[in-house]
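For reference, start08.txt (compact mmCIF, C-alpha atoms and all ligand atoms):
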```
# COMPACT_ATOMS: atom_id res chain seq x y z
CA MET C 1221 0.50 5.41 -12.81
CA LYS C 1222 2.96 3.95 -10.33
CA PRO C 1223 1.74 4.19 -6.71
CA VAL C 1224 3.72 6.29 -4.24
CA LEU C 1225 3.35 3.48 -1.72
CA SER C 1226 2.66 -0.13 -2.44
CA VAL C 1227 2.04 -2.64 0.36
CA ARG C 1228 1.99 -6.22 -0.92
CA ASN C 1229 0.67 -9.11 1.13
CA VAL C 1230 2.40 -7.90 4.31
CA ARG C 1231 2.45 -10.18 7.33
CA LYS C 1232 3.44 -9.30 10.86
CA ARG C 1233 3.42 -11.48 13.95
CA PHE C 1234 4.00 -10.65 17.60
CA GLY C 1235 4.86 -14.04 19.08
CA ASP C 1236 1.88 -16.25 18.25
CA HIS C 1237 -0.36 -13.31 17.52
CA VAL C 1238 -0.89 -12.43 13.87
CA ALA C 1239 -1.18 -8.63 13.75
CA LEU C 1240 -1.13 -8.31 9.93
CA ASP C 1241 -2.45 -11.24 7.96
CA GLY C 1242 -1.55 -10.45 4.36
CA VAL C 1243 -2.34 -6.77 3.90
CA SER C 1244 -2.15 -5.16 0.45
CA LEU C 1245 -2.71 -1.49 -0.23
CA ASP C 1246 -1.64 0.97 -2.92
CA VAL C 1247 -1.62 4.70 -2.35
CA HIS C 1248 -1.30 6.94 -5.39
CA GLU C 1249 0.07 10.44 -5.75
CA GLY C 1250 -2.16 12.97 -4.00
CA GLU C 1251 -4.47 10.29 -2.66
CA VAL C 1252 -5.83 10.38 0.89
CA VAL C 1253 -6.58 6.93 2.31
CA THR C 1254 -8.26 6.72 5.71
CA VAL C 1255 -8.05 3.52 7.74
CA ILE C 1256 -10.79 2.59 10.19
CA GLY C 1257 -11.46 -0.53 12.22
CA PRO C 1258 -11.87 -1.80 15.76
CA SER C 1259 -9.12 -1.56 18.36
CA GLY C 1260 -6.53 -4.30 17.85
CA SER C 1261 -7.30 -4.76 14.15
CA GLY C 1262 -3.73 -3.90 13.11
CA LYS C 1263 -4.10 -0.27 12.00
CA SER C 1264 -1.14 1.03 13.99
CA THR C 1265 0.95 -1.99 13.08
CA LEU C 1266 0.30 -1.30 9.41
CA VAL C 1267 1.57 2.29 9.48
CA ARG C 1268 4.42 1.37 11.83
CA CYS C 1269 5.52 -1.34 9.40
CA VAL C 1270 5.36 1.12 6.49
CA HIS C 1271 7.51 3.54 8.49
CA GLN C 1272 9.85 0.63 9.26
CA LEU C 1273 9.46 0.95 13.01
CA GLU C 1274 8.52 -2.73 12.94
CA ALA C 1275 10.13 -5.38 10.77
CA ILE C 1276 7.69 -7.35 8.64
CA ASP C 1277 7.58 -11.17 8.54
CA GLY C 1278 6.37 -11.53 4.98
CA GLY C 1279 5.34 -9.64 1.87
CA ALA C 1280 6.96 -6.46 0.59
CA MET C 1281 6.54 -2.70 0.56
CA TYR C 1282 7.67 -0.21 -2.06
CA LEU C 1283 8.07 3.56 -1.91
CA ASP C 1284 8.10 5.06 -5.39
CA GLY C 1285 8.87 1.58 -6.66
CA GLU C 1286 11.85 1.10 -4.33
CA LEU C 1287 11.77 -1.92 -2.04
CA LEU C 1288 11.64 -0.85 1.61
CA GLY C 1289 14.02 -2.34 4.16
CA HIS C 1290 15.70 -4.86 1.89
CA GLU C 1291 17.80 -5.08 -1.26
CA PHE C 1292 18.64 -7.80 -3.70
CA HIS C 1293 22.17 -9.11 -3.36
CA ARG C 1294 23.35 -12.00 -5.54
CA GLY C 1295 19.82 -13.18 -6.09
CA HIS C 1296 18.83 -13.00 -2.42
CA LEU C 1297 17.09 -10.41 -0.31
CA ARG C 1298 19.13 -8.95 2.49
CA PRO C 1299 18.24 -6.27 5.05
CA LEU C 1300 19.43 -2.77 4.27
CA PRO C 1301 21.97 -1.19 6.59
CA ASP C 1302 20.45 1.15 9.23
CA ARG C 1303 21.63 4.27 7.45
CA ARG C 1304 19.73 3.32 4.29
CA VAL C 1305 16.63 2.46 6.30
CA ALA C 1306 16.89 5.87 7.98
CA ALA C 1307 17.09 7.52 4.56
CA GLN C 1308 13.98 5.65 3.38
CA ARG C 1309 12.17 6.59 6.59
CA GLY C 1310 13.16 10.21 5.95
CA ARG C 1311 11.07 10.13 2.76
CA MET C 1312 7.94 9.58 4.85
CA GLY C 1313 6.44 11.72 7.61
CA MET C 1314 4.83 10.02 10.56
CA VAL C 1315 2.54 11.58 13.14
CA PHE C 1316 1.81 9.60 16.30
CA GLN C 1317 -1.03 9.67 18.76
CA GLN C 1318 1.32 10.89 21.51
CA PHE C 1319 3.13 13.59 19.47
CA ASN C 1320 6.61 12.18 20.34
CA LEU C 1321 8.29 15.58 20.42
CA PHE C 1322 11.58 15.97 22.26
CA ALA C 1323 10.52 17.69 25.48
CA HIS C 1324 13.92 19.23 26.24
CA TRP C 1325 14.28 20.81 22.80
CA SER C 1326 12.65 23.99 21.56
CA VAL C 1327 9.95 23.73 18.92
CA LEU C 1328 12.47 25.06 16.40
CA ARG C 1329 15.03 22.39 17.19
CA ASN C 1330 12.37 19.69 17.01
CA LEU C 1331 11.76 20.89 13.45
CA THR C 1332 15.34 21.41 12.30
CA GLU C 1333 17.16 18.37 13.73
CA ALA C 1334 16.20 15.76 11.13
CA GLN C 1335 16.59 18.24 8.28
CA VAL C 1336 20.22 18.77 9.28
CA ALA C 1337 21.08 15.26 10.51
CA VAL C 1338 19.29 13.09 7.94
CA HIS C 1339 19.00 15.41 4.96
CA GLY C 1340 22.20 17.41 5.32
CA ARG C 1341 20.59 20.84 5.12
CA THR C 1342 22.39 23.86 6.52
CA THR C 1343 21.07 25.21 9.82
CA GLY C 1344 19.95 28.37 8.06
CA ARG C 1345 17.96 26.54 5.42
CA ALA C 1346 16.45 24.17 8.03
CA ARG C 1347 15.43 27.14 10.18
CA GLU C 1348 13.81 28.88 7.23
CA GLU C 1349 11.80 25.75 6.40
CA ALA C 1350 10.83 25.27 10.07
CA LEU C 1351 9.50 28.83 10.34
CA ARG C 1352 7.57 28.48 7.09
CA LEU C 1353 5.93 25.27 8.33
CA LEU C 1354 5.12 26.70 11.76
CA GLU C 1355 3.26 29.46 10.02
CA ARG C 1356 1.45 26.90 7.87
CA VAL C 1357 0.17 25.03 10.93
CA GLY C 1358 -0.84 28.28 12.62
CA LEU C 1359 2.03 28.43 15.12
CA ALA C 1360 4.17 31.31 13.92
CA GLY C 1361 5.77 32.78 17.02
CA LYS C 1362 6.10 29.46 18.89
CA ALA C 1363 9.56 28.59 17.56
CA ASP C 1364 11.31 29.21 20.87
CA ALA C 1365 8.69 27.59 23.09
CA HIS C 1366 9.23 24.13 24.57
CA PRO C 1367 6.62 21.42 23.92
CA GLY C 1368 5.57 21.46 27.60
CA GLN C 1369 4.46 25.07 27.24
CA LEU C 1370 2.02 24.20 24.46
CA SER C 1371 -1.45 22.64 24.49
CA GLY C 1372 -1.89 19.12 23.15
CA GLY C 1373 -3.38 20.48 19.95
CA GLN C 1374 -0.45 22.84 19.47
CA GLN C 1375 2.04 20.05 20.17
CA GLN C 1376 0.37 17.85 17.60
CA ARG C 1377 0.53 20.66 15.05
CA VAL C 1378 4.27 20.99 15.79
CA ALA C 1379 4.58 17.23 15.25
CA ILE C 1380 2.83 17.59 11.88
CA ALA C 1381 5.17 20.44 10.91
CA ARG C 1382 8.13 18.29 11.94
CA ALA C 1383 6.92 15.41 9.80
CA LEU C 1384 6.53 17.80 6.85
CA ALA C 1385 9.93 19.43 7.30
CA THR C 1386 11.88 16.93 5.26
CA GLY C 1387 9.50 17.08 2.30
CA PRO C 1388 8.00 13.58 2.64
CA ARG C 1389 6.50 11.68 -0.30
CA ILE C 1390 3.76 10.42 1.98
CA MET C 1391 2.39 11.32 5.40
CA LEU C 1392 1.31 8.61 7.84
CA PHE C 1393 -1.04 9.53 10.68
CA ASP C 1394 -1.82 7.13 13.52
CA GLU C 1395 -4.90 8.41 15.39
CA PRO C 1396 -3.52 11.96 15.52
CA THR C 1397 -6.38 13.30 17.64
CA SER C 1398 -7.13 10.46 20.03
CA ALA C 1399 -4.92 11.80 22.83
CA LEU C 1400 -6.47 15.26 22.65
CA ASP C 1401 -9.19 16.90 24.68
CA PRO C 1402 -12.31 17.17 22.50
CA GLU C 1403 -12.04 20.95 22.13
CA LEU C 1404 -8.55 20.60 20.61
CA VAL C 1405 -9.43 18.01 17.98
CA ASP C 1406 -10.65 20.44 15.33
CA GLU C 1407 -7.51 22.56 15.15
CA VAL C 1408 -5.50 19.43 14.31
CA LEU C 1409 -8.06 18.05 11.86
CA SER C 1410 -8.17 21.36 10.02
CA VAL C 1411 -4.39 21.21 9.49
CA VAL C 1412 -4.75 17.68 8.09
CA ARG C 1413 -7.65 18.82 5.92
CA ASP C 1414 -5.46 21.64 4.62
CA LEU C 1415 -2.72 19.17 3.69
CA ALA C 1416 -5.26 17.04 1.84
CA ALA C 1417 -6.46 20.07 -0.09
CA GLY C 1418 -2.83 20.84 -0.95
CA GLY C 1419 -2.47 17.44 -2.63
CA MET C 1420 -0.40 15.63 0.01
CA THR C 1421 -0.39 11.83 -0.28
CA MET C 1422 -1.55 10.42 3.05
CA ILE C 1423 -2.62 7.41 5.07
CA ILE C 1424 -4.71 8.47 8.04
CA VAL C 1425 -5.69 6.01 10.76
CA THR C 1426 -8.53 7.60 12.67
CA HIS C 1427 -11.53 6.86 14.84
CA GLU C 1428 -13.11 10.20 13.89
CA MET C 1429 -15.65 8.67 11.54
CA SER C 1430 -17.04 11.86 10.04
CA PHE C 1431 -13.51 13.06 9.36
CA ALA C 1432 -12.52 9.68 7.90
CA ARG C 1433 -15.37 10.04 5.49
CA GLU C 1434 -14.98 13.70 4.62
CA VAL C 1435 -11.22 13.82 3.97
CA ALA C 1436 -10.80 10.48 2.18
CA ASP C 1437 -10.50 9.67 -1.48
CA ARG C 1438 -10.59 6.05 -0.39
CA CYS C 1439 -11.38 4.38 2.89
CA VAL C 1440 -10.09 1.05 4.20
CA PHE C 1441 -11.80 -1.04 6.87
CA MET C 1442 -9.53 -3.44 8.78
CA GLU C 1443 -10.37 -6.23 11.16
CA HIS C 1444 -8.23 -9.05 12.60
CA GLY C 1445 -5.14 -7.93 10.68
CA ARG C 1446 -6.85 -7.93 7.29
CA VAL C 1447 -8.31 -5.38 4.93
CA VAL C 1448 -11.96 -6.44 4.97
CA GLU C 1449 -13.30 -3.76 2.70
CA THR C 1450 -11.98 -0.82 0.71
CA GLY C 1451 -13.92 1.76 -1.27
CA THR C 1452 -14.94 5.35 -1.73
CA PRO C 1453 -16.27 7.07 1.39
CA GLU C 1454 -19.80 6.67 -0.01
CA GLU C 1455 -19.30 2.94 -0.55
CA ILE C 1456 -17.83 2.38 2.91
CA PHE C 1457 -20.18 4.56 4.94
CA ASP C 1458 -23.43 4.47 2.94
CA ARG C 1459 -23.28 1.04 1.32
CA PRO C 1460 -21.07 -1.14 3.54
CA GLY C 1461 -20.82 -4.55 1.89
CA SER C 1462 -19.70 -6.82 4.69
CA PRO C 1463 -21.71 -7.60 7.83
CA ARG C 1464 -18.59 -6.84 9.90
CA LEU C 1465 -18.27 -3.31 8.55
CA ARG C 1466 -21.99 -2.74 9.07
CA ALA C 1467 -21.68 -3.94 12.67
CA PHE C 1468 -18.64 -1.72 13.26
CA LEU C 1469 -20.37 1.38 11.88
CA SER C 1470 -23.57 0.81 13.83
CA ARG C 1471 -21.57 0.27 17.03
CA PHE C 1472 -19.93 3.59 16.34
CA SER C 1473 -23.12 5.51 15.77
CA GLN C 1474 -24.60 4.03 18.96
CA GLU C 1475 -21.59 5.24 20.94
CA ARG C 1476 -22.08 8.68 19.47
CA VAL C 1477 -25.74 8.66 20.46
CA ARG C 1478 -24.92 7.62 23.98
CA GLU C 1479 -22.57 10.57 24.41
CA VAL C 1480 -25.48 12.95 23.98
CA PRO C 1481 -27.22 13.42 27.34
CA ASP C 1482 -30.72 12.00 27.29
CA GLU C 1483 -33.87 13.95 28.01
CA ARG C 1484 -34.01 13.02 31.69
CA THR C 1485 -30.44 14.10 32.43
CA LEU C 1486 -31.17 17.45 30.84
CA GLN C 1487 -34.34 17.86 32.89
CA GLU C 1488 -32.48 17.00 36.08
CA GLU C 1489 -29.84 19.54 35.25
CA ASN C 1490 -32.39 22.20 34.51
CA ALA C 1491 -34.17 21.47 37.80
CA ARG C 1492 -30.99 22.15 39.81
N1 LIG L 1 4.69 -4.53 20.24
C1 LIG L 1 3.71 -5.44 20.32
N2 LIG L 1 3.88 -6.59 20.99
C2 LIG L 1 2.90 -7.51 21.06
N3 LIG L 1 1.70 -7.37 20.49
C3 LIG L 1 1.45 -6.23 19.82
C4 LIG L 1 2.45 -5.21 19.70
N4 LIG L 1 1.92 -4.21 18.96
C5 LIG L 1 0.66 -4.58 18.64
N5 LIG L 1 0.38 -5.81 19.14
C6 LIG L 1 -0.87 -6.55 18.98
O1 LIG L 1 -1.19 -6.58 17.60
C7 LIG L 1 -2.57 -6.37 17.39
C8 LIG L 1 -2.79 -5.17 16.51
O2 LIG L 1 -2.42 -4.03 17.23
P1 LIG L 1 -2.51 -2.57 16.65
O3 LIG L 1 -1.86 -2.53 15.33
O4 LIG L 1 -1.98 -1.66 17.71
O5 LIG L 1 -4.09 -2.39 16.48
P2 LIG L 1 -4.94 -1.06 16.29
O6 LIG L 1 -4.00 0.07 16.02
O7 LIG L 1 -5.85 -1.36 15.15
O8 LIG L 1 -5.70 -0.86 17.57
C9 LIG L 1 -3.20 -6.22 18.78
O9 LIG L 1 -3.73 -7.46 19.16
C10 LIG L 1 -2.03 -5.83 19.65
O10 LIG L 1 -2.23 -6.27 20.96
MG MG L 2 -3.71 1.84 17.03
```

Here is a file; write its structure as structure tokens.
Amino acid sequence: MKPVLSVRNVRKRFGDHVALDGVSLDVHEGEVVTVIGPSGSGKSTLVRCVHQLEAIDGGAMYLDGELLGHEFHRGHLRPLPDRRVAAQRGRMGMVFQQFNLFAHWSVLRNLTEAQVAVHGRTTGRAREEALRLLERVGLAGKADAHPGQLSGGQQQRVAIARALATGPRIMLFDEPTSALDPELVDEVLSVVRDLAAGGMTMIIVTHEMSFAREVADRCVFMEHGRVVETGTPEEIFDRPGSPRLRAFLSRFSQERVREVPDERTLQEENAR
């Protein structure tokens, strides 16, 4: 079966710094791939390159077999015109850490704009789809609100609805919960979980390790701009092969342990 997304030996540099050092990854229809790895390992750069927010320096990417960002012309590759790049981007949905909603637009307009501008839908049809999606993410009734009137968790759910509005072939999430207060994380994760259950094809970059494990069909560990290890959640989390993945996972579980107040702190609190 042809993958929905194919990333082939992609390289990306920022000046002298190599952010992606030959990354390859296939994502098949209905597959959920979670990406974990230390800060600076290239996770955001990977999804930003796929979404063509960054130009790549080498390799190639294909969406449903179609080359992204370039076309063959008289035996040579040449960059696609902006309008064609925009159309390719419109076949993917991206959700950022910082929501990136337009603050001066209503929730409804945030959801309808691309449908009308990029996909040529009528306002009526776009509105209908927007209202359907708001209901799906648990925000029926918020269509006329402005992003500033919503909690971070609600804003992120609007951003997810917006990314879904154009019927993407694949959803790309870049740490969708890392800007949220802890009590708002679950409402966003449950929407993502729901999409996974509905068969959406997705790449999810996340530092929520238990979520990365639970929602994934396949999990990818990145470090220094490379895919170090890829496998089922059981392989990655229970039987990590590389010392680097083992070190990363143990660092993570230690951080978790440290967040829990120790015995003495609890006693001090009780004594007050
Ligand atoms: N726009 C940029 N300009 C310069 N360096 C960047 C830029 N974006 C990312 N980098 C660098 O590329 C590396 C990978 O970054 P990133 O993909 O954001 O990592 P991650 O998301 O895994 O934390 C980091 O060293 C980062 O500093
Ligand atoms: Mg990042």

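The interatomic distance for the pair CA of Ala1323 in chain C and CA of Ser1371 in chain C works out to 13.0 Å.
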
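Between CA of Arg1356 in chain C and CA of Gly1373 in chain C lies a distance of 14.5 Å.
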
Show me a table, sorted first by chain and then by increasing residue number, of the residues of chain C having an atom at most 8 Å from ligand MG 2 (chain L), each with its shortest atom pair and the distance in Å to one decimal, counting all atoms listed in the file and written as a tab-separated table.
```
residue	atom	partner	partner_atom	distance
C:Ser1259	CA	L:MG2	MG	6.5
C:Gly1260	CA	L:MG2	MG	6.8
C:Gly1262	CA	L:MG2	MG	7.0
C:Lys1263	CA	L:MG2	MG	5.5
C:Ser1264	CA	L:MG2	MG	4.1
C:Thr1265	CA	L:MG2	MG	7.2
C:Asp1394	CA	L:MG2	MG	6.6
C:Glu1395	CA	L:MG2	MG	6.9
C:Val1425	CA	L:MG2	MG	7.8
```

Using C-alpha atoms, can you export the residues from the last selection as an mmCIF file, keeping the file's coordinate frame?
```cif
data_model
loop_
_atom_site.group_PDB
_atom_site.id
_atom_site.type_symbol
_atom_site.label_atom_id
_atom_site.label_comp_id
_atom_site.auth_asym_id
_atom_site.auth_seq_id
_atom_site.Cartn_x
_atom_site.Cartn_y
_atom_site.Cartn_z
ATOM 1 C CA SER C 1259 -9.120 -1.560 18.360
ATOM 2 C CA GLY C 1260 -6.530 -4.300 17.850
ATOM 3 C CA GLY C 1262 -3.730 -3.900 13.110
ATOM 4 C CA LYS C 1263 -4.100 -0.270 12.000
ATOM 5 C CA SER C 1264 -1.140 1.030 13.990
ATOM 6 C CA THR C 1265 0.950 -1.990 13.080
ATOM 7 C CA ASP C 1394 -1.820 7.130 13.520
ATOM 8 C CA GLU C 1395 -4.900 8.410 15.390
ATOM 9 C CA VAL C 1425 -5.690 6.010 10.760
#
```

| Atom-to-atom span, CA of Leu1328 in chain C and CA of Leu1415 in chain C, Å | 20.7 Å

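When only C-alpha atoms are used to measure the gap to Leu1353 in chain C, the shortest distance among C:Arg1471, C:Arg1329, C:Arg1377, C:Arg1268 belongs to C:Arg1377.
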
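In terms of minimum interatomic distance to ligand LIG 1 (chain L), C:Cys1269 ranks closest within C:Ala1436, C:Met1420, C:Leu1225, C:Cys1269, counting only C-alpha atoms and all ligand atoms.
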
Within 7 Å of Lys1232 in chain C using all atoms listed in the file, minus same-chain residues under 2 positions, as a short mmCIF file (atom, residue, chain, number, x, y, z; two decimals) with C-alpha atoms, in the coordinates of the input:
```cif
data_model
loop_
_atom_site.label_atom_id
_atom_site.label_comp_id
_atom_site.auth_asym_id
_atom_site.auth_seq_id
_atom_site.Cartn_x
_atom_site.Cartn_y
_atom_site.Cartn_z
CA VAL C 1230 2.40 -7.90 4.31
CA PHE C 1234 4.00 -10.65 17.60
CA VAL C 1238 -0.89 -12.43 13.87
CA ALA C 1239 -1.18 -8.63 13.75
CA LEU C 1240 -1.13 -8.31 9.93
CA ASP C 1241 -2.45 -11.24 7.96
CA ILE C 1276 7.69 -7.35 8.64
CA ASP C 1277 7.58 -11.17 8.54
CA GLY C 1278 6.37 -11.53 4.98
#
```
